[in-house]
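Novice: What follows is a single structure, and I will ask about it in a moment.
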Amino acid sequence: MTAMTTPPLDHVLAFTLPDRHARGRIVRLGPTLDTILSAHGYPPAIERVLAEALVLTALFGATLKDKEGQLTLQAQTKGGAIDLLVCDYRGGEMRGYVRHDADRLAELPAEPSLFALFGTGYLAVTFDQAVSGERYQGIVPLTGASLADAAESYFAQSEQIPSLVRIGVGGDVAGGIMIQHLPEGEEGRERLHTRLDHPEWEHVAALAQTVRPAELADSALPLETLLWRLFNEDEVRVSEGVALSRGCRCDPDHVRNVIGQMPLEDRQAMADEDGLVHVDCAFCASRFTLEAMAA
């Protein structure tokens with residue numbers, strides 16, 4: 001593996017193990033994560049699950065070949081403290097938010113299980129390709145002990161590719177790794193064939209499973225060094241990474257146009273006693289205030 005100088009935070013790298021027919025992504029979030037979380041003031045348990053979801057979003061989104069494409073990750077559930085979680089990625093920009101029941105959350109232990117947080121529901125992953133206009137969505141039940149488990153189920157059911165996903169969250173830093181097996185390369189055998197036993201994948205998975213959450217969330221540990229630790233027995237090729245940032249697409253002019261197209265009586269019904277309409281962005285917590293008559 002060739003040494004590279006890469007920012008340790010807010011960066012995702014693509015890598016391959018050519019001799020093992022495996023590919024992956026590795027990411028670490030820092031200031032971007034803090035910016036997204038600080039806009040909401042969530043309780044610690046909600047911050048942690050959103051941090052994990054944002055790591056998944058970066059790992060999934062970085063697989064988009066279309067730079068203008070968009071990846072959306074959504075968990076919609078019932079019976080838990082959280083009833084909606086949404087994150088998305090476009091061109092390295094990410095955003096996310098969680099809708100939850102504060103009273104129900106307060107009844108849970110400090111480190112609630114995935115089921116306690118989400119109850120029953122599903123994880124939906126949607127890829128929108130801007131250039132071709134194609135849209136693909138995979139939906140799997142939200143099961144397992146973590147969002148990483150749910151992501152592995154997504155790949156097994158929707159993509160039929162053996163995959164391993166690990167996430168680590170520590171303080172204001174979060175990281176993750178995703179690695180997948182391609183037995184004969186992307187242009188080789190049918191993906192169904194990957195369900196058969198392959199010593200190559202067993203070797204890669206065994207090594208990848210040794211990664212510790214603390215390593216993934218260690219801001220002092222370069223991503224390339226971590227990859228070398230895991231796969232020092234093999235050739236690892238690392239491609240140029242993608243910088244990540246918080247990016248919300250709420251826009252005052254867009255909000256004004258949307259509200260302005262509503263009938264006057266609807267705008268008046270939405271207005272407060274001062275005749276003002278307030279529109280909140282769930283992603284970045286920005287508030288847009290418009291005059292009902294002028295909108």
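Letters A, B, ... mark the chains of the structure tokens in the order given; residue numbers begin at 1 per chain; ligand numbers begin at 1, in order shown.
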Please run DSSP on the backbone and report, as a ChimeraX atom specification, all residues within range 34-96 of chain A that come out as strand (DSSP E or B).

Specialist: /A:70-79,82-90,93-96

Novice: Write out as a PyMOL selection string the residues lying within 10 Å of range 210-226 of chain A, counting only C-alpha atoms and excluding same-chain residues fewer than 3 positions away.

Specialist: chain A and resi 1-9+11-13+15+26-30+166-177+205-207+229-232+236-238

Novice: Let me see the file: selected residues, N, CA and C atoms, as a compact mmCIF listing (two decimals), in the first residue's frame.

Specialist:
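Saved file part-v4.txt follows:
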```txt
# COMPACT_ATOMS: atom_id res chain seq x y z
N MET A 1 0.85 -1.19 0.00
CA MET A 1 0.00 0.00 0.00
C MET A 1 0.88 1.24 0.00
N THR A 2 0.65 2.14 -0.92
CA THR A 2 1.44 3.35 -1.02
C THR A 2 0.99 4.37 0.02
N ALA A 3 1.95 4.98 0.70
CA ALA A 3 1.62 5.97 1.72
C ALA A 3 0.98 7.19 1.08
N MET A 4 -0.06 7.72 1.77
CA MET A 4 -0.76 8.90 1.27
C MET A 4 -0.97 9.87 2.41
N THR A 5 -1.00 11.14 2.10
CA THR A 5 -1.30 12.15 3.11
C THR A 5 -2.77 12.48 3.01
N THR A 6 -3.52 12.09 4.02
CA THR A 6 -4.96 12.24 3.99
C THR A 6 -5.45 12.88 5.28
N PRO A 7 -6.32 13.85 5.21
CA PRO A 7 -6.88 14.41 6.44
C PRO A 7 -7.52 13.30 7.27
N PRO A 8 -7.24 13.27 8.58
CA PRO A 8 -7.74 12.16 9.39
C PRO A 8 -9.23 12.23 9.69
N LEU A 9 -9.84 13.39 9.52
CA LEU A 9 -11.25 13.56 9.85
C LEU A 9 -12.05 14.03 8.64
N HIS A 11 -13.41 12.43 6.12
CA HIS A 11 -12.82 11.90 4.90
C HIS A 11 -13.24 10.45 4.73
N VAL A 12 -13.48 10.04 3.50
CA VAL A 12 -13.79 8.64 3.21
C VAL A 12 -12.84 8.17 2.10
N LEU A 13 -12.27 7.00 2.30
CA LEU A 13 -11.34 6.43 1.34
C LEU A 13 -11.94 5.17 0.72
N PHE A 15 -10.91 1.56 -1.11
CA PHE A 15 -9.74 0.67 -1.18
C PHE A 15 -10.15 -0.67 -1.78
N ILE A 26 -13.66 3.21 3.89
CA ILE A 26 -13.38 3.47 5.30
C ILE A 26 -13.52 4.97 5.53
N VAL A 27 -14.15 5.36 6.63
CA VAL A 27 -14.50 6.77 6.85
C VAL A 27 -14.27 7.15 8.30
N ARG A 28 -14.00 8.43 8.50
CA ARG A 28 -13.96 8.97 9.86
C ARG A 28 -14.54 10.38 9.83
N LEU A 29 -15.46 10.63 10.74
CA LEU A 29 -16.14 11.93 10.83
C LEU A 29 -15.73 12.65 12.10
N GLY A 30 -15.57 13.97 12.00
CA GLY A 30 -15.22 14.78 13.16
C GLY A 30 -16.03 16.06 13.21
N ARG A 166 -18.58 -2.34 10.08
CA ARG A 166 -18.27 -2.08 11.48
C ARG A 166 -18.26 -0.57 11.70
N ILE A 167 -18.75 -0.13 12.86
CA ILE A 167 -18.85 1.29 13.18
C ILE A 167 -18.33 1.51 14.60
N GLY A 168 -17.63 2.62 14.78
CA GLY A 168 -17.18 3.00 16.11
C GLY A 168 -17.50 4.46 16.38
N VAL A 169 -18.03 4.74 17.56
CA VAL A 169 -18.36 6.12 17.96
C VAL A 169 -17.68 6.40 19.29
N GLY A 170 -16.92 7.49 19.34
CA GLY A 170 -16.26 7.86 20.57
C GLY A 170 -16.21 9.36 20.73
N GLY A 171 -16.98 9.88 21.66
CA GLY A 171 -17.00 11.33 21.86
C GLY A 171 -17.55 12.04 20.63
N ASP A 172 -16.77 12.98 20.09
CA ASP A 172 -17.21 13.75 18.93
C ASP A 172 -16.62 13.22 17.63
N VAL A 173 -16.15 11.97 17.63
CA VAL A 173 -15.58 11.34 16.44
C VAL A 173 -16.28 10.01 16.19
N ALA A 174 -16.54 9.71 14.94
CA ALA A 174 -17.14 8.43 14.57
C ALA A 174 -16.48 7.92 13.30
N GLY A 175 -16.35 6.62 13.20
CA GLY A 175 -15.73 6.04 12.01
C GLY A 175 -16.36 4.71 11.66
N GLY A 176 -16.06 4.24 10.46
CA GLY A 176 -16.63 2.97 10.05
C GLY A 176 -15.88 2.39 8.87
N ILE A 177 -16.06 1.09 8.67
CA ILE A 177 -15.48 0.41 7.53
C ILE A 177 -16.51 -0.53 6.93
N ALA A 205 -12.80 -11.43 5.70
CA ALA A 205 -13.76 -11.17 6.77
C ALA A 205 -13.13 -11.42 8.14
N ALA A 206 -12.32 -12.47 8.25
CA ALA A 206 -11.68 -12.78 9.52
C ALA A 206 -10.76 -11.65 9.96
N LEU A 207 -10.03 -11.08 9.00
CA LEU A 207 -9.14 -9.97 9.33
C LEU A 207 -9.93 -8.70 9.66
N ARG A 229 -2.84 -2.13 9.16
CA ARG A 229 -2.91 -3.01 10.33
C ARG A 229 -3.79 -4.22 10.05
N LEU A 230 -4.92 -3.98 9.42
CA LEU A 230 -5.89 -5.04 9.19
C LEU A 230 -5.43 -6.02 8.11
N PHE A 231 -4.85 -5.48 7.05
CA PHE A 231 -4.58 -6.31 5.87
C PHE A 231 -3.10 -6.29 5.47
N ASN A 232 -2.21 -6.31 6.45
CA ASN A 232 -0.78 -6.22 6.13
C ASN A 232 -0.25 -7.45 5.42
N VAL A 236 -2.94 -3.78 -0.56
CA VAL A 236 -4.09 -2.89 -0.39
C VAL A 236 -3.88 -1.67 -1.28
N ARG A 237 -4.81 -1.43 -2.17
CA ARG A 237 -4.75 -0.26 -3.03
C ARG A 237 -5.77 0.77 -2.56
N VAL A 238 -5.28 1.96 -2.26
CA VAL A 238 -6.14 3.03 -1.75
C VAL A 238 -6.25 4.11 -2.81
```

Novice: Which neighbours of Cys248 in chain A fall inside 12 Å, counting only C-alpha atoms, when residues of the same chain fewer than 2 positions from it are skipped, and could you give them as a VMD selection string?

Specialist: chain A and resid 32 35 to 36 39 87 to 97 245 to 246 250 to 252 281 to 286

Novice: Please extract the residues of range 39-238 of chain A with a backbone DSSP assignment of helix (DSSP H, G or I) and present them as an NGL selection string.

Specialist: :A and (44-61 or 102-106 or 114-118 or 147-159 or 191-195 or 199-208 or 213-216 or 223-230)

Novice: Which one of A:Ala51, A:His254, A:Arg267, A:Asp66 sits closest to Gly133 in chain A if you count only C-alpha atoms?

Specialist: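 Checking each candidate against Gly133 in chain A, we get A:Asp66 as the closest.
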
Novice: Work out how far CA of Gly121 in chain A is from CA of Ala208 in chain A, in Å to one decimal.

Specialist: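 We find that CA of Ala208 in chain A and CA of Gly121 in chain A lie 28.7 Å from each other.
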